[in-house]
file work.cif (mmCIF, C-alpha atoms)
data_coords
#
loop_
_atom_site.label_atom_id
_atom_site.label_comp_id
_atom_site.auth_asym_id
_atom_site.auth_seq_id
_atom_site.Cartn_x
_atom_site.Cartn_y
_atom_site.Cartn_z
CA MET A 1 2.28 -9.35 35.77
CA PRO A 2 -1.29 -9.58 34.39
CA SER A 3 -1.86 -12.04 31.56
CA ARG A 4 -3.81 -9.41 29.65
CA HIS A 5 -3.01 -5.73 29.33
CA ILE A 6 -5.38 -2.84 28.70
CA HIS A 7 -4.81 -0.49 25.79
CA LEU A 8 -6.55 2.89 25.76
CA VAL A 9 -6.63 4.72 22.46
CA GLY A 10 -6.05 8.18 23.89
CA SER A 11 -8.82 10.63 24.72
CA TYR A 12 -10.64 10.76 28.05
CA PRO A 13 -13.33 13.23 29.28
CA ALA A 14 -11.57 15.21 31.99
CA ALA A 15 -10.85 18.81 32.90
CA ASP A 16 -7.13 18.51 32.15
CA SER A 17 -4.40 16.00 31.43
CA ARG A 18 -3.53 15.49 35.09
CA GLU A 19 -7.10 14.51 35.92
CA ALA A 20 -7.37 12.23 32.89
CA MET A 21 -4.12 10.40 33.58
CA THR A 22 -4.84 10.18 37.31
CA ILE A 23 -8.22 8.51 36.70
CA VAL A 24 -6.84 6.07 34.14
CA ALA A 25 -3.79 5.22 36.26
CA GLY A 26 -5.92 4.76 39.36
CA VAL A 27 -8.41 2.39 37.72
CA ALA A 28 -6.29 0.51 35.18
CA GLY A 29 -2.68 1.27 36.12
CA PRO A 30 -1.42 -2.31 36.73
CA TYR A 31 -2.71 -3.36 33.29
CA LEU A 32 -1.19 -0.54 31.23
CA LYS A 33 1.78 -0.68 28.88
CA THR A 34 1.30 2.91 27.73
CA LEU A 35 -0.54 5.97 29.02
CA ALA A 36 -1.80 8.86 26.90
CA ASP A 37 -2.42 12.31 28.32
CA GLY A 38 -6.19 12.12 27.76
CA GLU A 39 -6.16 14.44 24.73
CA VAL A 40 -8.27 16.88 26.71
CA GLY A 41 -9.81 20.17 25.63
CA PRO A 42 -10.23 20.66 21.87
CA ARG A 43 -8.15 17.51 21.24
CA ARG A 44 -10.84 15.25 22.70
CA ARG A 45 -12.54 15.46 19.26
CA TRP A 46 -9.42 14.18 17.52
CA ILE A 47 -8.47 16.41 14.54
CA THR A 48 -11.51 18.69 14.37
CA HIS A 49 -9.63 21.55 16.04
CA ILE A 50 -6.82 21.22 13.47
CA ILE A 51 -9.27 21.40 10.58
CA ASP A 52 -11.13 24.34 12.15
CA GLY A 53 -7.79 26.10 12.58
CA LEU A 54 -7.45 26.26 8.81
CA ARG A 55 -10.07 29.03 8.84
CA GLU A 56 -7.23 31.37 9.79
CA HIS A 57 -4.62 29.89 7.43
CA PRO A 58 -3.50 32.45 4.84
CA ASP A 59 -3.06 29.90 2.05
CA VAL A 60 -6.47 28.22 2.19
CA GLU A 61 -10.08 29.33 2.02
CA LEU A 62 -13.37 27.83 3.07
CA ARG A 63 -15.21 25.96 0.32
CA THR A 64 -18.18 24.70 2.34
CA ASP A 65 -18.91 25.24 6.03
CA GLY A 66 -20.09 22.84 8.70
CA ASP A 67 -20.35 22.48 12.47
CA TRP A 68 -19.20 18.84 12.92
CA SER A 69 -22.70 17.70 13.87
CA GLY A 70 -22.07 14.73 11.55
CA TYR A 71 -19.53 13.41 9.08
CA ASP A 72 -21.26 15.22 6.21
CA ASP A 73 -21.59 18.50 8.12
CA ARG A 74 -18.02 19.72 8.44
CA PRO A 75 -15.91 22.54 6.98
CA VAL A 76 -14.08 21.73 3.73
CA PHE A 77 -11.29 23.95 2.39
CA ARG A 78 -9.32 24.58 -0.79
CA VAL A 79 -5.93 26.12 -1.44
CA ARG A 80 -6.22 29.73 -2.56
CA ARG A 81 -5.45 30.45 -6.19
CA GLY A 82 -1.79 31.34 -6.54
CA HIS A 83 -0.90 29.98 -3.09
CA ARG A 84 0.81 26.80 -1.94
CA LEU A 85 0.33 24.79 1.22
CA THR A 86 3.69 24.08 2.82
CA PRO A 87 4.62 21.88 5.82
CA GLY A 88 6.18 24.83 7.61
CA SER A 89 2.87 26.70 7.55
CA LEU A 90 1.05 23.90 9.38
CA ASN A 91 1.13 24.00 13.17
CA LEU A 92 -0.65 20.76 14.08
CA GLY A 93 0.05 21.10 17.79
CA HIS A 94 1.05 17.55 18.71
CA ALA A 95 4.58 18.45 19.80
CA SER A 96 3.55 21.36 22.01
CA ALA A 97 0.73 19.36 23.64
CA ALA A 98 3.00 16.39 24.28
CA ARG A 99 5.77 18.51 25.80
CA GLU A 100 3.28 20.21 28.11
CA SER A 101 1.82 16.94 29.44
CA TYR A 102 4.97 14.79 29.51
CA GLU A 103 6.21 16.17 32.82
CA VAL A 104 2.80 15.50 34.37
CA PHE A 105 2.90 11.98 32.93
CA LYS A 106 6.23 11.30 34.63
CA GLU A 107 4.87 12.50 37.97
CA ILE A 108 1.79 10.29 37.71
CA ARG A 109 3.86 7.31 36.58
CA GLN A 110 5.98 7.68 39.70
CA GLU A 111 3.03 8.29 42.03
CA HIS A 112 1.25 5.14 40.82
CA ARG A 113 4.44 3.08 40.50
CA LEU A 114 3.85 2.37 36.83
CA ASP A 115 7.41 1.32 36.11
CA GLY A 116 7.97 0.60 32.43
CA VAL A 117 4.81 2.38 31.23
CA SER A 118 5.52 4.56 28.19
CA PHE A 119 4.11 7.94 27.17
CA GLN A 120 1.66 7.41 24.29
CA VAL A 121 1.27 10.15 21.67
CA GLY A 122 -1.47 9.88 19.06
CA ILE A 123 -0.56 10.90 15.50
CA PRO A 124 -3.28 11.09 12.80
CA GLY A 125 -2.59 9.72 9.36
CA ASP A 126 -1.62 12.30 6.76
CA LEU A 127 -4.35 11.06 4.40
CA ASP A 128 -6.90 11.43 7.19
CA LEU A 129 -5.92 15.05 7.77
CA ALA A 130 -5.96 15.81 4.05
CA LEU A 131 -9.35 14.19 3.46
CA PHE A 132 -11.07 15.95 6.33
CA ALA A 133 -9.46 19.26 5.36
CA PHE A 134 -9.87 19.20 1.58
CA GLY A 135 -12.44 16.51 0.81
CA SER A 136 -12.09 13.05 -0.66
CA ALA A 137 -11.42 14.24 -4.23
CA ASN A 138 -8.29 16.15 -3.15
CA ALA A 139 -7.07 14.02 -0.26
CA PHE A 140 -4.30 12.14 -2.06
CA SER A 141 -2.89 15.19 -3.80
CA ARG A 142 -2.87 17.27 -0.58
CA ARG A 143 -1.44 14.74 1.89
CA ALA A 144 2.30 15.45 1.44
CA PRO A 145 2.44 18.73 3.43
CA PHE A 146 0.63 17.04 6.32
CA ARG A 147 3.03 14.07 6.20
CA ASP A 148 6.06 16.35 6.33
CA ALA A 149 4.58 18.47 9.13
CA LEU A 150 3.80 15.34 11.15
CA ALA A 151 7.31 14.01 10.53
CA HIS A 152 8.75 17.21 11.96
CA GLU A 153 6.57 16.89 15.08
CA ILE A 154 7.48 13.23 15.56
CA GLU A 155 11.16 14.09 15.26
CA GLU A 156 10.79 16.90 17.79
CA ILE A 157 8.99 14.70 20.33
CA ALA A 158 11.40 11.81 19.81
CA GLY A 159 14.26 14.24 20.36
CA TRP A 160 13.30 14.91 23.97
CA GLY A 161 11.28 11.78 24.73
CA GLY A 162 13.43 9.09 23.14
CA GLN A 163 12.42 5.52 23.94
CA ASP A 164 10.03 6.71 26.65
CA VAL A 165 7.57 7.73 23.91
CA LEU A 166 5.43 5.47 21.74
CA PHE A 167 3.63 7.02 18.77
CA GLN A 168 0.20 5.70 17.87
CA LEU A 169 -0.63 6.08 14.17
CA GLU A 170 -4.41 6.61 13.87
CA VAL A 171 -6.06 5.77 10.55
CA PRO A 172 -9.86 5.63 10.25
CA VAL A 173 -9.99 6.80 6.62
CA GLU A 174 -7.84 3.95 5.35
CA LEU A 175 -9.83 1.23 7.12
CA VAL A 176 -13.16 2.67 6.01
CA MET A 177 -11.91 2.87 2.41
CA VAL A 178 -10.88 -0.77 2.50
CA ALA A 179 -14.22 -1.76 4.06
CA ARG A 180 -16.06 0.00 1.23
CA THR A 181 -14.00 -1.69 -1.47
CA PRO A 182 -15.54 -4.76 -3.18
CA LYS A 183 -14.10 -7.96 -1.75
CA PRO A 184 -12.14 -9.00 -4.88
CA LEU A 185 -10.25 -5.67 -4.81
CA ARG A 186 -9.83 -5.41 -1.05
CA THR A 187 -6.28 -6.78 -0.84
CA ALA A 188 -5.04 -4.43 -3.57
CA ALA A 189 -6.74 -1.45 -1.92
CA ALA A 190 -5.22 -2.33 1.45
CA ARG A 191 -1.73 -2.58 -0.02
CA LEU A 192 -2.09 0.76 -1.80
CA LEU A 193 -3.30 2.55 1.32
CA VAL A 194 -0.69 0.93 3.56
CA HIS A 195 2.03 2.00 1.13
CA GLY A 196 1.07 5.60 1.87
CA MET A 197 0.79 4.99 5.61
CA VAL A 198 4.27 3.56 6.03
CA LYS A 199 5.82 6.62 4.35
CA GLN A 200 4.94 8.43 7.58
CA VAL A 201 6.62 5.70 9.60
CA ALA A 202 9.72 5.68 7.40
CA ALA A 203 10.07 9.45 7.82
CA ALA A 204 10.49 9.04 11.60
CA PRO A 205 13.94 8.75 13.19
CA PRO A 206 15.36 5.21 13.28
CA GLY A 207 14.35 3.37 16.42
CA THR A 208 11.09 5.29 16.84
CA ARG A 209 8.44 3.15 18.54
CA PHE A 210 4.99 2.81 16.96
CA GLY A 211 1.60 1.25 17.46
CA VAL A 212 -1.23 1.35 14.91
CA HIS A 213 -4.84 2.16 15.76
CA LEU A 214 -7.23 1.11 13.02
CA CYS A 215 -10.48 2.97 13.48
CA VAL A 216 -13.99 3.31 12.08
CA GLY A 217 -14.47 6.86 13.37
CA ASP A 218 -16.02 8.18 16.57
CA LEU A 219 -17.29 11.67 15.79
CA ASN A 220 -19.88 12.46 18.49
CA ASN A 221 -19.50 8.79 19.54
CA LYS A 222 -20.85 7.67 16.15
CA ALA A 223 -18.89 5.50 13.73
CA LEU A 224 -18.23 6.60 10.16
CA LYS A 225 -18.90 2.99 9.16
CA ARG A 226 -19.63 -0.16 11.11
CA LEU A 227 -17.74 -3.15 9.77
CA GLY A 228 -19.80 -6.04 8.47
CA THR A 229 -17.02 -8.46 9.42
CA ALA A 230 -13.46 -8.22 10.71
CA ALA A 231 -12.16 -9.05 7.21
CA PRO A 232 -11.32 -5.45 6.13
CA ALA A 233 -9.21 -4.97 9.26
CA VAL A 234 -7.44 -8.27 8.60
CA SER A 235 -6.67 -7.15 5.03
CA MET A 236 -5.22 -3.92 6.38
CA LEU A 237 -3.08 -5.67 8.99
CA ASN A 238 -1.74 -8.29 6.61
CA ALA A 239 -0.71 -5.53 4.20
CA LEU A 240 0.77 -3.53 7.06
CA LEU A 241 2.90 -6.40 8.31
CA ARG A 242 4.28 -6.97 4.82
CA ALA A 243 5.17 -3.32 4.28
CA TRP A 244 6.35 -2.23 7.73
CA PRO A 245 9.92 -0.78 7.70
CA GLN A 246 12.32 -3.19 9.39
CA ASP A 247 14.14 -0.48 11.34
CA ARG A 248 10.98 0.89 12.97
CA SER A 249 9.40 -0.85 15.95
CA LEU A 250 5.75 -1.95 15.64
CA GLU A 251 4.64 -2.87 19.15
CA TYR A 252 0.88 -3.34 18.80
CA VAL A 253 -2.02 -3.23 16.40
CA HIS A 254 -5.47 -2.16 17.54
CA VAL A 255 -8.63 -3.35 15.78
CA PRO A 256 -12.08 -1.84 16.38
CA LEU A 257 -14.70 -4.53 16.98
CA ALA A 258 -17.28 -2.20 18.50
CA ALA A 259 -18.25 1.00 16.66
CA GLY A 260 -19.05 4.23 18.50
CA ASP A 261 -22.24 3.76 20.48
CA GLN A 262 -22.73 0.27 19.01
CA PRO A 263 -21.27 -2.70 20.94
CA PRO A 264 -19.42 -5.50 19.15
CA PRO A 265 -21.57 -8.14 17.39
CA LEU A 266 -22.33 -11.39 19.17
CA GLU A 267 -22.33 -13.47 15.97
CA PRO A 268 -19.13 -15.57 15.81
CA GLY A 269 -19.05 -15.20 12.02
CA PHE A 270 -18.15 -11.53 12.36
CA TYR A 271 -14.77 -12.51 13.82
CA ARG A 272 -13.92 -15.55 11.66
CA ALA A 273 -11.47 -13.67 9.43
CA LEU A 274 -9.20 -13.18 12.46
CA GLU A 275 -7.98 -16.74 11.84
CA LEU A 276 -6.00 -15.28 8.93
CA LEU A 277 -3.95 -13.28 11.45
CA ALA A 278 -2.70 -16.37 13.27
CA ALA A 279 0.79 -15.64 11.92
CA LEU A 280 0.90 -12.23 13.63
CA PRO A 281 4.33 -12.13 15.31
CA ARG A 282 4.15 -12.82 19.01
CA ASP A 283 6.13 -9.69 19.83
CA ILE A 284 3.39 -7.52 18.30
CA ARG A 285 0.46 -7.18 20.70
CA PHE A 286 -3.10 -7.40 19.40
CA ALA A 287 -5.50 -4.94 21.09
CA ALA A 288 -9.09 -6.11 20.68
CA GLY A 289 -11.37 -3.06 20.57
CA LEU A 290 -14.37 -4.81 22.08
CA VAL A 291 -14.89 -3.02 25.40
CA HIS A 292 -18.34 -1.43 25.53
CA GLU A 293 -20.30 -0.34 28.55
CA ALA A 294 -23.69 -0.97 26.86
CA GLN A 295 -23.15 -4.72 26.51
CA ALA A 296 -23.53 -7.32 29.25
CA PRO A 297 -20.25 -8.49 30.82
CA ASP A 298 -20.95 -12.15 30.01
CA ASP A 299 -21.50 -11.28 26.34
CA GLN A 300 -18.24 -9.35 26.32
CA ARG A 301 -16.44 -12.36 27.81
CA LYS A 302 -17.86 -14.61 25.08
CA ILE A 303 -16.56 -12.26 22.40
CA LEU A 304 -13.17 -12.10 24.08
CA ARG A 305 -12.95 -15.91 24.17
CA THR A 306 -13.93 -16.06 20.48
CA VAL A 307 -11.24 -13.57 19.50
CA GLU A 308 -8.53 -15.29 21.53
CA SER A 309 -9.50 -18.70 20.18
CA LEU A 310 -9.33 -17.52 16.56
CA LEU A 311 -5.98 -15.80 17.11
CA SER A 312 -4.58 -18.60 19.29
CA ARG A 313 -3.19 -16.02 21.69
CA THR A 314 -4.03 -13.80 24.63
CA VAL A 315 -5.02 -10.29 23.52
CA ASP A 316 -4.98 -6.83 25.05
CA ILE A 317 -8.33 -5.36 26.08
CA SER A 318 -9.43 -2.06 24.56
CA PRO A 319 -12.41 0.09 23.60
CA ALA A 320 -12.90 0.64 19.88
CA CYS A 321 -11.69 4.24 20.07
CA GLY A 322 -10.86 6.96 22.56
CA LEU A 323 -13.29 7.58 25.40
CA GLY A 324 -13.31 11.37 25.04
CA ARG A 325 -16.64 11.50 23.23
CA ARG A 326 -18.41 9.65 26.04
CA SER A 327 -19.78 11.21 29.21
CA PRO A 328 -17.45 11.02 32.23
CA ARG A 329 -19.76 8.37 33.71
CA GLY A 330 -19.77 6.33 30.49
CA ALA A 331 -16.00 6.58 30.12
CA ARG A 332 -15.47 5.45 33.72
CA HIS A 333 -17.84 2.53 33.16
CA ALA A 334 -15.94 1.49 30.02
CA LEU A 335 -12.63 1.77 31.86
CA GLU A 336 -13.88 -0.41 34.70
CA ARG A 337 -15.28 -2.90 32.18
CA ALA A 338 -11.84 -3.15 30.60
CA VAL A 339 -10.38 -4.11 33.98
CA THR A 340 -13.11 -6.72 34.48
CA LEU A 341 -12.34 -8.30 31.10
CA ALA A 342 -8.59 -8.17 31.64
CA GLU A 343 -9.12 -10.19 34.80
CA SER A 344 -11.41 -12.75 33.09
#
call {"tool": "encode", "arguments": {"input": "work.cif", "output": "structure tokens"}}
result
Amino acid sequence: MPSRHIHLVGSYPAADSREAMTIVAGVAGPYLKTLADGEVGPRRRWITHIIDGLREHPDVELRTDGDWSGYDDRPVFRVRRGHRLTPGSLNLGHASAARESYEVFKEIRQEHRLDGVSFQVGIPGDLDLALFAFGSANAFSRRAPFRDALAHEIEEIAGWGGQDVLFQLEVPVELVMVARTPKPLRTAAARLLVHGMVKQVAAAPPGTRFGVHLCVGDLNNKALKRLGTAAPAVSMLNALLRAWPQDRSLEYVHVPLAAGDQPPPLEPGFYRALELLAALPRDIRFAAGLVHEAQAPDDQRKILRTVESLLSRTVDISPACGLGRRSPRGARHALERAVTLAES
């Protein structure tokens, strides 16, 4: 078995799920613990298709329009006067997409002899959906219907996938909020935001397997915010470990060290806060989101050694986010770089 594994966040630029999974399995198969379906088609841009789908929702109306050319140029909605947004009216599409690609996943797992590799399903945070749909001022008051709709989808997928499925909770909004909070208030902000996050976890069936992908955004391969240090992510993870429900499995945490088209910093000081995660339980894998095709391999190896030294453990190798917003050539390069680093 390899000493380091590779974790891929989810999306990959391919024509369909079979092509995406075939490429990933062919290049990185021996290093994988999980395999996502590539989140192809409209899903390659994470939740933008879900938000755009609200244009046809009978209970909401468009407040301001946008074309997703940037974080400030997106559609924002409001609930119609006299209407109510209910979980049953939200078809987020995760369950149907997962069911469609799961059979293909099993075929590719067998073809590439990836025994023990689990089917990874990305699930956005409820606050993230609410904020992108209704704006920051209404995000907290509008998150409950999204949480309940996601819980229903998780339950449905877990019903047919069981322990073969691992759900990845994806939360850029929470990490960016913590990063924008003044340092003296950062711990309190992290605990407040994590308290909302774990409600989604607690709503899942007992025994459901989870990983957590902290994120700084990757719209059009651009980050919503680049971290100044790893400290905000450490605050989030420390709060998460304290609040995580005991009867739900947390198998890995993923931390973005690169940011969209920007490679991870070379300055060792950026990573120093990772020392405060030295007590991370050994059975929870740490995926270091440092893989970036625009940075020299030797520089990437130096960063990897710094991270592993601070954490006093071997880490998984990962890009900062999904590869779906890259070109096919760039995604393949990043994937091959991940293999190179895993073998370092």
call {"tool": "closest_residue", "arguments": {"input": "work.cif", "among": "A:Thr86, A:Ser249, A:Thr22, A:Ser3", "to": "Ala144 in chain A", "atoms": "all atoms listed in the file"}}
result
A:Thr86
call {"tool": "closest_residue", "arguments": {"input": "work.cif", "among": "A:Gly66, A:Pro245, A:Pro281, A:Gly228", "to": "Pro265 in chain A", "atoms": "only C-alpha atoms"}}
result
A:Gly228
call {"tool": "closest_residue", "arguments": {"input": "work.cif", "among": "A:Gln200, A:Gln295, A:Ser344, A:Ser17", "to": "Thr314 in chain A", "atoms": "only C-alpha atoms"}}
result
A:Ser344
call {"tool": "closest_residue", "arguments": {"input": "work.cif", "among": "A:Gln262, A:Asn138, A:Asn220, A:Ser235", "to": "Ser327 in chain A", "atoms": "all atoms listed in the file"}}
result
A:Asn220
call {"tool": "closest_residue", "arguments": {"input": "work.cif", "among": "A:Asp316, A:Arg78, A:Ile108, A:Arg226", "to": "Ser136 in chain A", "atoms": "only C-alpha atoms"}}
result
A:Arg78
call {"tool": "residues_near_point", "arguments": {"input": "work.cif", "point": "(-7.2, 17.8, 21.0)", "cutoff": "10 Å", "atoms": "all atoms listed in the file", "output": "PDB file with C-alpha atoms, in the frame of the given file"}}
result
ATOM      1  CA  SER A  11      -8.820  10.630  24.720  1.00  0.00           C
ATOM      2  CA  GLY A  38      -6.190  12.120  27.760  1.00  0.00           C
ATOM      3  CA  GLU A  39      -6.160  14.440  24.730  1.00  0.00           C
ATOM      4  CA  VAL A  40      -8.270  16.880  26.710  1.00  0.00           C
ATOM      5  CA  GLY A  41      -9.810  20.170  25.630  1.00  0.00           C
ATOM      6  CA  PRO A  42     -10.230  20.660  21.870  1.00  0.00           C
ATOM      7  CA  ARG A  43      -8.150  17.510  21.240  1.00  0.00           C
ATOM      8  CA  ARG A  44     -10.840  15.250  22.700  1.00  0.00           C
ATOM      9  CA  ARG A  45     -12.540  15.460  19.260  1.00  0.00           C
ATOM     10  CA  TRP A  46      -9.420  14.180  17.520  1.00  0.00           C
ATOM     11  CA  ILE A  47      -8.470  16.410  14.540  1.00  0.00           C
ATOM     12  CA  THR A  48     -11.510  18.690  14.370  1.00  0.00           C
ATOM     13  CA  HIS A  49      -9.630  21.550  16.040  1.00  0.00           C
ATOM     14  CA  ILE A  50      -6.820  21.220  13.470  1.00  0.00           C
ATOM     15  CA  LEU A  92      -0.650  20.760  14.080  1.00  0.00           C
ATOM     16  CA  GLY A  93       0.050  21.100  17.790  1.00  0.00           C
ATOM     17  CA  HIS A  94       1.050  17.550  18.710  1.00  0.00           C
ATOM     18  CA  ALA A  97       0.730  19.360  23.640  1.00  0.00           C
ATOM     19  CA  GLY A 122      -1.470   9.880  19.060  1.00  0.00           C
ATOM     20  CA  GLY A 324     -13.310  11.370  25.040  1.00  0.00           C
TER      21      GLY A 324
END
call {"tool": "resolve_selection", "arguments": {"input": "work.cif", "expression": "the PyMOL selection byres ((chain A and resi 341) around 9)", "output": "ChimeraX atom specification"}}
result
/A:4,291,297,300-301,304,317,336-340,342-344
call {"tool": "resolve_selection", "arguments": {"input": "work.cif", "expression": "the PyMOL selection byres ((chain A and resi 199) around 10)", "output": "list in words"}}
result
Asp126, Ala144, Arg147, Asp148, Ala151, Val194, His195, Gly196, Met197, Val198, Gln200, Val201, Ala202, Ala203, Ala204, Ala243, Trp244 and Pro245 of chain A
call {"tool": "atom_distance", "arguments": {"input": "work.cif", "atom1": "CA of Asn221 in chain A", "atom2": "CA of Ala294 in chain A"}}
result
12.9 Å
call {"tool": "closest_residue", "arguments": {"input": "work.cif", "among": "A:Pro319, A:Gly26, A:Pro13, A:Pro232", "to": "Glu111 in chain A", "atoms": "only C-alpha atoms"}}
result
A:Gly26
call {"tool": "atom_distance", "arguments": {"input": "work.cif", "atom1": "CA of Leu219 in chain A", "atom2": "CA of Ala189 in chain A"}}
result
24.4 Å
call {"tool": "resolve_selection", "arguments": {"input": "work.cif", "expression": "the PyMOL selection byres ((chain A and resi 313) around 10)", "output": "list in words"}}
result
Ala278, Leu280, Arg282, Arg285, Phe286, Val307, Glu308, Ser309, Leu310, Leu311, Ser312, Thr314, Val315 and Asp316 of chain A
call {"tool": "residues_near_point", "arguments": {"input": "work.cif", "point": "(-6.7, -6.9, 16.6)", "cutoff": "6 Å", "atoms": "all atoms listed in the file", "output": "PyMOL selection string"}}
result
chain A and resi 253-255+286-288
call {"tool": "write_last_selection", "arguments": {"input": "work.cif", "atoms": "C-alpha atoms", "output": "PDB file, in the frame of the given file"}}
result
ATOM      1  CA  VAL A 253      -2.020  -3.230  16.400  1.00  0.00           C
ATOM      2  CA  HIS A 254      -5.470  -2.160  17.540  1.00  0.00           C
ATOM      3  CA  VAL A 255      -8.630  -3.350  15.780  1.00  0.00           C
ATOM      4  CA  PHE A 286      -3.100  -7.400  19.400  1.00  0.00           C
ATOM      5  CA  ALA A 287      -5.500  -4.940  21.090  1.00  0.00           C
ATOM      6  CA  ALA A 288      -9.090  -6.110  20.680  1.00  0.00           C
TER       7      ALA A 288
END
call {"tool": "residues_around", "arguments": {"input": "work.cif", "residues": "Gly322 in chain A", "least_positions_apart": "4", "cutoff": "7 Å", "atoms": "only C-alpha atoms", "output": "number ranges by chain"}}
result
A: 8-12
call {"tool": "residues_around", "arguments": {"input": "work.cif", "residues": "range 31-34 of chain A", "least_positions_apart": "4", "cutoff": "8 Å", "atoms": "only C-alpha atoms", "output": "PyMOL selection string"}}
result
chain A and resi 2+4-7+116-120+166+339+342
call {"tool": "decode", "arguments": {"input": "work.cif", "residues": "range 235-287 of chain A", "atoms": "C-alpha atoms", "output": "mmCIF file, in the first residue's frame"}}
result
data_model
loop_
_atom_site.group_PDB
_atom_site.id
_atom_site.type_symbol
_atom_site.label_atom_id
_atom_site.label_comp_id
_atom_site.auth_asym_id
_atom_site.auth_seq_id
_atom_site.Cartn_x
_atom_site.Cartn_y
_atom_site.Cartn_z
ATOM 1 C CA SER A 235 -9.749 27.255 13.856
ATOM 2 C CA MET A 236 -12.462 25.595 11.782
ATOM 3 C CA LEU A 237 -11.014 22.106 12.213
ATOM 4 C CA ASN A 238 -10.479 22.439 15.951
ATOM 5 C CA ALA A 239 -14.100 23.545 16.342
ATOM 6 C CA LEU A 240 -15.250 20.745 14.052
ATOM 7 C CA LEU A 241 -13.441 18.051 16.012
ATOM 8 C CA ARG A 242 -14.996 19.293 19.254
ATOM 9 C CA ALA A 243 -18.529 19.349 17.856
ATOM 10 C CA TRP A 244 -18.579 16.291 15.592
ATOM 11 C CA PRO A 245 -21.383 13.809 16.490
ATOM 12 C CA GLN A 246 -19.898 10.673 18.025
ATOM 13 C CA ASP A 247 -22.125 8.293 16.059
ATOM 14 C CA ARG A 248 -21.120 9.690 12.663
ATOM 15 C CA SER A 249 -17.838 8.713 11.028
ATOM 16 C CA LEU A 250 -15.414 11.512 10.094
ATOM 17 C CA GLU A 251 -12.784 9.918 7.863
ATOM 18 C CA TYR A 252 -10.832 12.891 6.530
ATOM 19 C CA VAL A 253 -10.536 16.647 6.569
ATOM 20 C CA HIS A 254 -9.354 18.552 3.511
ATOM 21 C CA VAL A 255 -7.654 21.945 3.799
ATOM 22 C CA PRO A 256 -7.033 24.255 0.816
ATOM 23 C CA LEU A 257 -3.449 25.535 0.765
ATOM 24 C CA ALA A 258 -3.525 26.666 -2.855
ATOM 25 C CA ALA A 259 -6.359 28.926 -4.070
ATOM 26 C CA GLY A 260 -7.838 28.608 -7.559
ATOM 27 C CA ASP A 261 -5.225 29.620 -10.097
ATOM 28 C CA GLN A 262 -2.793 30.620 -7.323
ATOM 29 C CA PRO A 263 -0.339 27.961 -6.069
ATOM 30 C CA PRO A 264 0.336 27.499 -2.352
ATOM 31 C CA PRO A 265 2.738 29.994 -0.712
ATOM 32 C CA LEU A 266 6.373 29.062 -0.279
ATOM 33 C CA GLU A 267 6.771 30.981 2.995
ATOM 34 C CA PRO A 268 6.919 28.506 5.918
ATOM 35 C CA GLY A 269 5.095 30.994 8.147
ATOM 36 C CA PHE A 270 1.882 30.466 6.183
ATOM 37 C CA TYR A 271 1.691 26.896 7.491
ATOM 38 C CA ARG A 272 2.877 27.399 11.097
ATOM 39 C CA ALA A 273 -0.622 27.243 12.595
ATOM 40 C CA LEU A 274 -0.861 23.602 11.491
ATOM 41 C CA GLU A 275 1.165 22.756 14.606
ATOM 42 C CA LEU A 276 -2.046 23.367 16.550
ATOM 43 C CA LEU A 277 -3.586 20.365 14.765
ATOM 44 C CA ALA A 278 -0.985 17.930 16.063
ATOM 45 C CA ALA A 279 -3.697 16.311 18.191
ATOM 46 C CA LEU A 280 -5.791 15.429 15.124
ATOM 47 C CA PRO A 281 -6.777 11.786 15.679
ATOM 48 C CA ARG A 282 -4.687 9.391 13.647
ATOM 49 C CA ASP A 283 -7.767 7.684 12.231
ATOM 50 C CA ILE A 284 -8.841 10.950 10.566
ATOM 51 C CA ARG A 285 -6.830 11.559 7.403
ATOM 52 C CA PHE A 286 -5.534 15.045 6.613
ATOM 53 C CA ALA A 287 -5.725 15.942 2.906
#
